[in-house]
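Novice: To start, I am sharing the structure in question, which I have written as structure tokens.
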Amino acid sequence: MTEAARVRDLSAEDLAWMADREAEIFGTSAWSRIEIDRDYGSGLRRYRGIEEDGTLVGYAVYGFDGDSFHLLNLAVVPRARRRGNARALVEDFLAEARALGVSEVSLEVAVTNTGAIRLYQDYGFSIVRVRPRYYQPEDVDGVVMGLVLDGP
Ligand SMILES: CC(C)(COP(=O)(O)OP(=O)(O)OC[C@H]1O[C@@H](n2cnc3c(N)ncnc32)[C@H](O)[C@@H]1OP(=O)(O)O)[C@@H](O)C(=O)NCCC(=O)NCCS
């Protein structure tokens with residue numbers, strides 16, 4: 001993250017950009033433009049983006065999944081990685097959870113995604129359970145990670 005990085009809400013105009021990044025970054029398991037539009041339009045999620053010098057370089061989607069506050073999506077474009085952009089988005093997610101008084105947060109990640117798992121572990125997330133073959137068509141296990149937040 002550079003000095004000029006900032007986290008902001010994604011607008012409807014940013015969704016085409018997000019869908020293109022999804023396809024580049026996640027390939028066959030990317031959220032499609034239709035899925036993004038539908039989910040965004042539900043109004044139930046926070047769609048957040050991070051900018052460097054006024055240009056979007058990453059995004060996160062989070063919201064309630066049942067009674068759990070869940071990080072549903074997180075990605076940073078390759079050229080802007082390893083300089084704290086994902087950290088800023090995770091911190092934004094955790095700040096929102098705390099502001100809402102949520103006591104527990106969760107997320108899912110592929111067991112092979114060791115970089116992301118390390119990122120989440122840095123914030124105290126631990127592996128709650130394994131979902132065998134959760135990611136298709138890659139046929140990779142998912143891990144559910146959770147974090148109990150301190151009270152106010
Ligand atoms: C995972 C991802 C979001 C990390 O974004 P990022 O902006 O590069 O992450 P940060 O710079 O904030 O990294 C924070 C920490 O996470 C860990 N980390 C991130 N990427 C890592 C990697 N490739 N290898 C090892 N550790 C990594 C490190 O502990 C890092 O701290 P450090 O740079 O001081 O060592 C990014 O690589 C990405 O978009 N990957 C593809 C999509 C994806 O996997 N999303 C997560 C799905 S759950």
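By convention here, the chains of the structure tokens are called A, B, ... in the order presented, each chain's residues are numbered starting at 1, and ligands are numbered starting at 1 in the order presented.
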Find the spatial neighbours of Val7 (chain A), counting only C-alpha atoms, within a cut-off of 8 Å - ignore same-chain residues fewer than 3 positions away - and output them as an MDAnalysis selection string.
Specialist: chainID A and resid 48:51 88:89 92
Novice: Please identify all polymer residues within 12 Å of Arg38 (chain A), counting only C-alpha atoms, omitting same-chain residues fewer than 6 positions from it, and present them as a PyMOL selection string.
Specialist: chain A and resi 12+15+31-32+44-45
Novice: Any chance you can output those residues with N, CA and C atoms as a JSON list (two decimals), in the first residue's frame?
Specialist:
```json
[["chain", "number", "residue", "atom", "x", "y", "z"],
["A", 12, "ALA", "N", -21.55, 1.19, -8.83],
["A", 12, "ALA", "CA", -22.04, 0.34, -9.92],
["A", 12, "ALA", "C", -21.14, 0.46, -11.15],
["A", 15, "LEU", "N", -18.17, -2.08, -11.41],
["A", 15, "LEU", "CA", -18.41, -3.53, -11.44],
["A", 15, "LEU", "C", -17.85, -4.18, -12.71],
["A", 31, "TRP", "N", -16.27, -14.94, -10.18],
["A", 31, "TRP", "CA", -17.66, -14.50, -10.18],
["A", 31, "TRP", "C", -17.91, -13.84, -11.54],
["A", 32, "SER", "N", -19.01, -14.19, -12.16],
["A", 32, "SER", "CA", -19.34, -13.60, -13.46],
["A", 32, "SER", "C", -19.93, -12.20, -13.27],
["A", 44, "LEU", "N", -27.05, -6.37, 0.13],
["A", 44, "LEU", "CA", -26.76, -7.05, 1.39],
["A", 44, "LEU", "C", -25.26, -7.09, 1.71],
["A", 45, "ARG", "N", -24.44, -6.69, 0.76],
["A", 45, "ARG", "CA", -22.99, -6.81, 0.94],
["A", 45, "ARG", "C", -22.33, -5.45, 0.91]]
```
Novice: Name all residues at most 10 Å from Gly146 (chain A) (count only C-alpha atoms; drop same-chain ones fewer than 5 positions away) and give them as a ChimeraX atom specification.
Specialist: /A:68-70,104-108,120-121,124-129
Novice: Let me see the file: selected residues, N, CA and C atoms, as an mmCIF file, in the first residue's frame.
Specialist:
```
data_model
loop_
_atom_site.group_PDB
_atom_site.id
_atom_site.type_symbol
_atom_site.label_atom_id
_atom_site.label_comp_id
_atom_site.auth_asym_id
_atom_site.auth_seq_id
_atom_site.Cartn_x
_atom_site.Cartn_y
_atom_site.Cartn_z
ATOM 1 N N SER A 68 -23.040 -15.348 10.542
ATOM 2 C CA SER A 68 -21.601 -15.106 10.532
ATOM 3 C C SER A 68 -21.280 -13.930 9.620
ATOM 4 N N PHE A 69 -20.365 -13.066 10.072
ATOM 5 C CA PHE A 69 -19.913 -11.964 9.209
ATOM 6 C C PHE A 69 -18.746 -12.509 8.398
ATOM 7 N N HIS A 70 -18.881 -12.463 7.083
ATOM 8 C CA HIS A 70 -18.062 -13.303 6.212
ATOM 9 C C HIS A 70 -17.340 -12.462 5.169
ATOM 10 N N GLU A 104 -17.886 -12.668 15.755
ATOM 11 C CA GLU A 104 -17.115 -13.706 15.067
ATOM 12 C C GLU A 104 -17.147 -13.449 13.567
ATOM 13 N N VAL A 105 -15.995 -13.576 12.925
ATOM 14 C CA VAL A 105 -15.915 -13.403 11.472
ATOM 15 C C VAL A 105 -15.332 -14.661 10.851
ATOM 16 N N SER A 106 -15.602 -14.849 9.567
ATOM 17 C CA SER A 106 -15.142 -16.071 8.912
ATOM 18 C C SER A 106 -14.863 -15.821 7.437
ATOM 19 N N LEU A 107 -14.239 -16.784 6.817
ATOM 20 C CA LEU A 107 -13.945 -16.738 5.383
ATOM 21 C C LEU A 107 -13.591 -18.144 4.917
ATOM 22 N N GLU A 108 -13.547 -18.306 3.595
ATOM 23 C CA GLU A 108 -13.123 -19.573 3.001
ATOM 24 C C GLU A 108 -11.961 -19.311 2.076
ATOM 25 N N TYR A 120 -4.273 -14.172 6.563
ATOM 26 C CA TYR A 120 -5.365 -14.273 7.539
ATOM 27 C C TYR A 120 -4.839 -14.707 8.913
ATOM 28 N N GLN A 121 -3.870 -15.611 8.916
ATOM 29 C CA GLN A 121 -3.314 -16.047 10.208
ATOM 30 C C GLN A 121 -2.647 -14.882 10.931
ATOM 31 N N GLY A 124 -4.925 -13.362 13.173
ATOM 32 C CA GLY A 124 -5.447 -14.220 14.229
ATOM 33 C C GLY A 124 -6.462 -15.242 13.776
ATOM 34 N N PHE A 125 -6.767 -15.273 12.468
ATOM 35 C CA PHE A 125 -7.692 -16.303 11.976
ATOM 36 C C PHE A 125 -7.059 -17.681 12.162
ATOM 37 N N SER A 126 -7.895 -18.662 12.490
ATOM 38 C CA SER A 126 -7.423 -20.038 12.546
ATOM 39 C C SER A 126 -8.371 -20.935 11.751
ATOM 40 N N ILE A 127 -7.864 -22.076 11.382
ATOM 41 C CA ILE A 127 -8.653 -22.987 10.550
ATOM 42 C C ILE A 127 -9.703 -23.683 11.420
ATOM 43 N N VAL A 128 -10.958 -23.547 10.989
ATOM 44 C CA VAL A 128 -12.080 -24.090 11.753
ATOM 45 C C VAL A 128 -12.453 -25.481 11.219
ATOM 46 N N ARG A 129 -12.492 -25.602 9.883
ATOM 47 C CA ARG A 129 -12.764 -26.910 9.303
ATOM 48 C C ARG A 129 -12.352 -26.933 7.834
#
```
Novice: Report as CSV: every residue of chain A with an atom at most 8 Å from ligand 1, its closest pair of atoms, and their distance in Å to one decimal, counting only C-alpha atoms and all ligand atoms, with rows sorted by chain and ascending residue number.
Specialist:
```
residue,atom,partner,partner_atom_place_in_ligand_line,distance
A:Met1,CA,ligand 1,11 (O),7.2
A:Ile25,CA,ligand 1,41 (C),5.8
A:Phe26,CA,ligand 1,42 (C),6.7
A:Gly58,CA,ligand 1,39 (O),7.4
A:Leu72,CA,ligand 1,48 (S),7.7
A:Asn73,CA,ligand 1,47 (C),6.2
A:Leu74,CA,ligand 1,45 (N),4.9
A:Ala75,CA,ligand 1,39 (O),3.3
A:Val76,CA,ligand 1,39 (O),3.8
A:Val77,CA,ligand 1,39 (O),6.0
A:Pro78,CA,ligand 1,39 (O),6.9
A:Ala80,CA,ligand 1,7 (O),6.4
A:Arg81,CA,ligand 1,8 (O),3.2
A:Arg82,CA,ligand 1,11 (O),3.1
A:Arg83,CA,ligand 1,11 (O),4.0
A:Gly84,CA,ligand 1,12 (O),3.2
A:Asn85,CA,ligand 1,7 (O),4.0
A:Ala86,CA,ligand 1,12 (O),3.7
A:Arg87,CA,ligand 1,12 (O),3.9
A:Ala88,CA,ligand 1,12 (O),6.7
A:Leu107,CA,ligand 1,48 (S),7.2
A:Glu108,CA,ligand 1,48 (S),6.0
A:Val109,CA,ligand 1,48 (S),4.3
A:Ala110,CA,ligand 1,48 (S),6.9
A:Asn113,CA,ligand 1,44 (O),6.1
A:Thr114,CA,ligand 1,25 (C),6.3
A:Gly115,CA,ligand 1,27 (C),3.5
A:Ala116,CA,ligand 1,1 (C),4.2
A:Ile117,CA,ligand 1,17 (C),7.5
A:Arg118,CA,ligand 1,17 (C),5.1
A:Leu119,CA,ligand 1,16 (O),3.6
A:Tyr120,CA,ligand 1,16 (O),7.3
A:Asp122,CA,ligand 1,29 (O),6.8
```
Novice: Write to file, as a PDB file, in the first residue's frame, the residues of the selection just made, with C-alpha atoms.
Specialist:
```pdb
ATOM      1  CA  MET A   1       0.000   0.000   0.000  1.00  0.00           C
ATOM      2  CA  ILE A  25      -7.327 -13.497 -11.249  1.00  0.00           C
ATOM      3  CA  PHE A  26      -9.688 -16.421 -10.566  1.00  0.00           C
ATOM      4  CA  GLY A  58      -8.025  -4.429  -5.396  1.00  0.00           C
ATOM      5  CA  LEU A  72     -16.633 -13.451   0.554  1.00  0.00           C
ATOM      6  CA  ASN A  73     -14.026 -12.167  -1.853  1.00  0.00           C
ATOM      7  CA  LEU A  74     -10.623 -10.507  -1.760  1.00  0.00           C
ATOM      8  CA  ALA A  75      -8.201  -9.803  -4.580  1.00  0.00           C
ATOM      9  CA  VAL A  76      -5.393  -7.429  -5.492  1.00  0.00           C
ATOM     10  CA  VAL A  77      -4.122  -7.016  -9.049  1.00  0.00           C
ATOM     11  CA  PRO A  78      -0.721  -8.672  -9.535  1.00  0.00           C
ATOM     12  CA  ALA A  80       0.048  -4.017  -6.726  1.00  0.00           C
ATOM     13  CA  ARG A  81       0.738  -7.049  -4.530  1.00  0.00           C
ATOM     14  CA  ARG A  82       3.022  -7.410  -1.536  1.00  0.00           C
ATOM     15  CA  ARG A  83       2.682  -3.849  -0.416  1.00  0.00           C
ATOM     16  CA  GLY A  84      -0.146  -4.082   2.077  1.00  0.00           C
ATOM     17  CA  ASN A  85      -3.238  -3.607  -0.079  1.00  0.00           C
ATOM     18  CA  ALA A  86      -4.837  -6.854   1.073  1.00  0.00           C
ATOM     19  CA  ARG A  87      -3.961  -5.984   4.659  1.00  0.00           C
ATOM     20  CA  ALA A  88      -5.803  -2.678   4.263  1.00  0.00           C
ATOM     21  CA  LEU A 107     -13.945 -16.738   5.383  1.00  0.00           C
ATOM     22  CA  GLU A 108     -13.123 -19.573   3.001  1.00  0.00           C
ATOM     23  CA  VAL A 109      -9.865 -20.064   1.183  1.00  0.00           C
ATOM     24  CA  ALA A 110      -8.339 -22.787  -0.954  1.00  0.00           C
ATOM     25  CA  ASN A 113      -3.507 -20.594  -1.208  1.00  0.00           C
ATOM     26  CA  THR A 114      -0.701 -20.394   1.322  1.00  0.00           C
ATOM     27  CA  GLY A 115      -0.100 -16.648   0.825  1.00  0.00           C
ATOM     28  CA  ALA A 116      -3.699 -15.766   1.674  1.00  0.00           C
ATOM     29  CA  ILE A 117      -3.759 -18.225   4.596  1.00  0.00           C
ATOM     30  CA  ARG A 118      -0.630 -16.568   5.991  1.00  0.00           C
ATOM     31  CA  LEU A 119      -2.274 -13.158   5.607  1.00  0.00           C
ATOM     32  CA  TYR A 120      -5.365 -14.273   7.539  1.00  0.00           C
ATOM     33  CA  ASP A 122      -1.443 -12.773  10.750  1.00  0.00           C
TER      34      ASP A 122
END
```
Novice: Give the alpha helix (DSSP H) residues of chain A, as assigned by DSSP on the backbone, as an MDAnalysis selection string.
Specialist: chainID A and resid 15:26 33:42 85:99 114:122
Novice: Those selected residues, please, written with C-alpha atoms and delivered as a PDB file, in the first residue's frame.
Specialist:
```
ATOM      1  CA  LEU A  15     -18.406  -3.530 -11.444  1.00  0.00           C
ATOM      2  CA  ALA A  16     -17.243  -4.020 -15.037  1.00  0.00           C
ATOM      3  CA  TRP A  17     -13.684  -3.416 -13.839  1.00  0.00           C
ATOM      4  CA  MET A  18     -14.194  -5.882 -10.995  1.00  0.00           C
ATOM      5  CA  ALA A  19     -15.647  -8.560 -13.299  1.00  0.00           C
ATOM      6  CA  ASP A  20     -12.642  -8.239 -15.629  1.00  0.00           C
ATOM      7  CA  ARG A  21     -10.223  -8.579 -12.692  1.00  0.00           C
ATOM      8  CA  GLU A  22     -12.207 -11.590 -11.406  1.00  0.00           C
ATOM      9  CA  ALA A  23     -11.767 -13.392 -14.723  1.00  0.00           C
ATOM     10  CA  GLU A  24      -8.036 -12.570 -14.850  1.00  0.00           C
ATOM     11  CA  ILE A  25      -7.327 -13.497 -11.249  1.00  0.00           C
ATOM     12  CA  PHE A  26      -9.688 -16.421 -10.566  1.00  0.00           C
ATOM     13  CA  ARG A  33     -20.591 -10.116 -14.278  1.00  0.00           C
ATOM     14  CA  ILE A  34     -24.161 -11.396 -13.884  1.00  0.00           C
ATOM     15  CA  GLU A  35     -23.429 -12.840 -10.431  1.00  0.00           C
ATOM     16  CA  ILE A  36     -21.669  -9.651  -9.366  1.00  0.00           C
ATOM     17  CA  ASP A  37     -24.524  -7.457 -10.547  1.00  0.00           C
ATOM     18  CA  ARG A  38     -27.103  -9.611  -8.793  1.00  0.00           C
ATOM     19  CA  ASP A  39     -25.162  -9.793  -5.546  1.00  0.00           C
ATOM     20  CA  TYR A  40     -24.308  -6.068  -5.565  1.00  0.00           C
ATOM     21  CA  GLY A  41     -27.910  -5.237  -6.396  1.00  0.00           C
ATOM     22  CA  SER A  42     -29.148  -7.223  -3.389  1.00  0.00           C
ATOM     23  CA  ASN A  85      -3.238  -3.607  -0.079  1.00  0.00           C
ATOM     24  CA  ALA A  86      -4.837  -6.854   1.073  1.00  0.00           C
ATOM     25  CA  ARG A  87      -3.961  -5.984   4.659  1.00  0.00           C
ATOM     26  CA  ALA A  88      -5.803  -2.678   4.263  1.00  0.00           C
ATOM     27  CA  LEU A  89      -8.888  -4.486   2.930  1.00  0.00           C
ATOM     28  CA  VAL A  90      -8.817  -7.100   5.718  1.00  0.00           C
ATOM     29  CA  GLU A  91      -8.492  -4.310   8.272  1.00  0.00           C
ATOM     30  CA  ASP A  92     -11.463  -2.548   6.657  1.00  0.00           C
ATOM     31  CA  PHE A  93     -13.490  -5.768   6.952  1.00  0.00           C
ATOM     32  CA  LEU A  94     -12.531  -6.209  10.609  1.00  0.00           C
ATOM     33  CA  ALA A  95     -13.281  -2.551  11.390  1.00  0.00           C
ATOM     34  CA  GLU A  96     -16.746  -2.933   9.884  1.00  0.00           C
ATOM     35  CA  ALA A  97     -17.338  -6.117  11.890  1.00  0.00           C
ATOM     36  CA  ARG A  98     -16.321  -4.350  15.089  1.00  0.00           C
ATOM     37  CA  ALA A  99     -18.474  -1.327  14.247  1.00  0.00           C
ATOM     38  CA  THR A 114      -0.701 -20.394   1.322  1.00  0.00           C
ATOM     39  CA  GLY A 115      -0.100 -16.648   0.825  1.00  0.00           C
ATOM     40  CA  ALA A 116      -3.699 -15.766   1.674  1.00  0.00           C
ATOM     41  CA  ILE A 117      -3.759 -18.225   4.596  1.00  0.00           C
ATOM     42  CA  ARG A 118      -0.630 -16.568   5.991  1.00  0.00           C
ATOM     43  CA  LEU A 119      -2.274 -13.158   5.607  1.00  0.00           C
ATOM     44  CA  TYR A 120      -5.365 -14.273   7.539  1.00  0.00           C
ATOM     45  CA  GLN A 121      -3.314 -16.047  10.208  1.00  0.00           C
ATOM     46  CA  ASP A 122      -1.443 -12.773  10.750  1.00  0.00           C
TER      47      ASP A 122
END
```
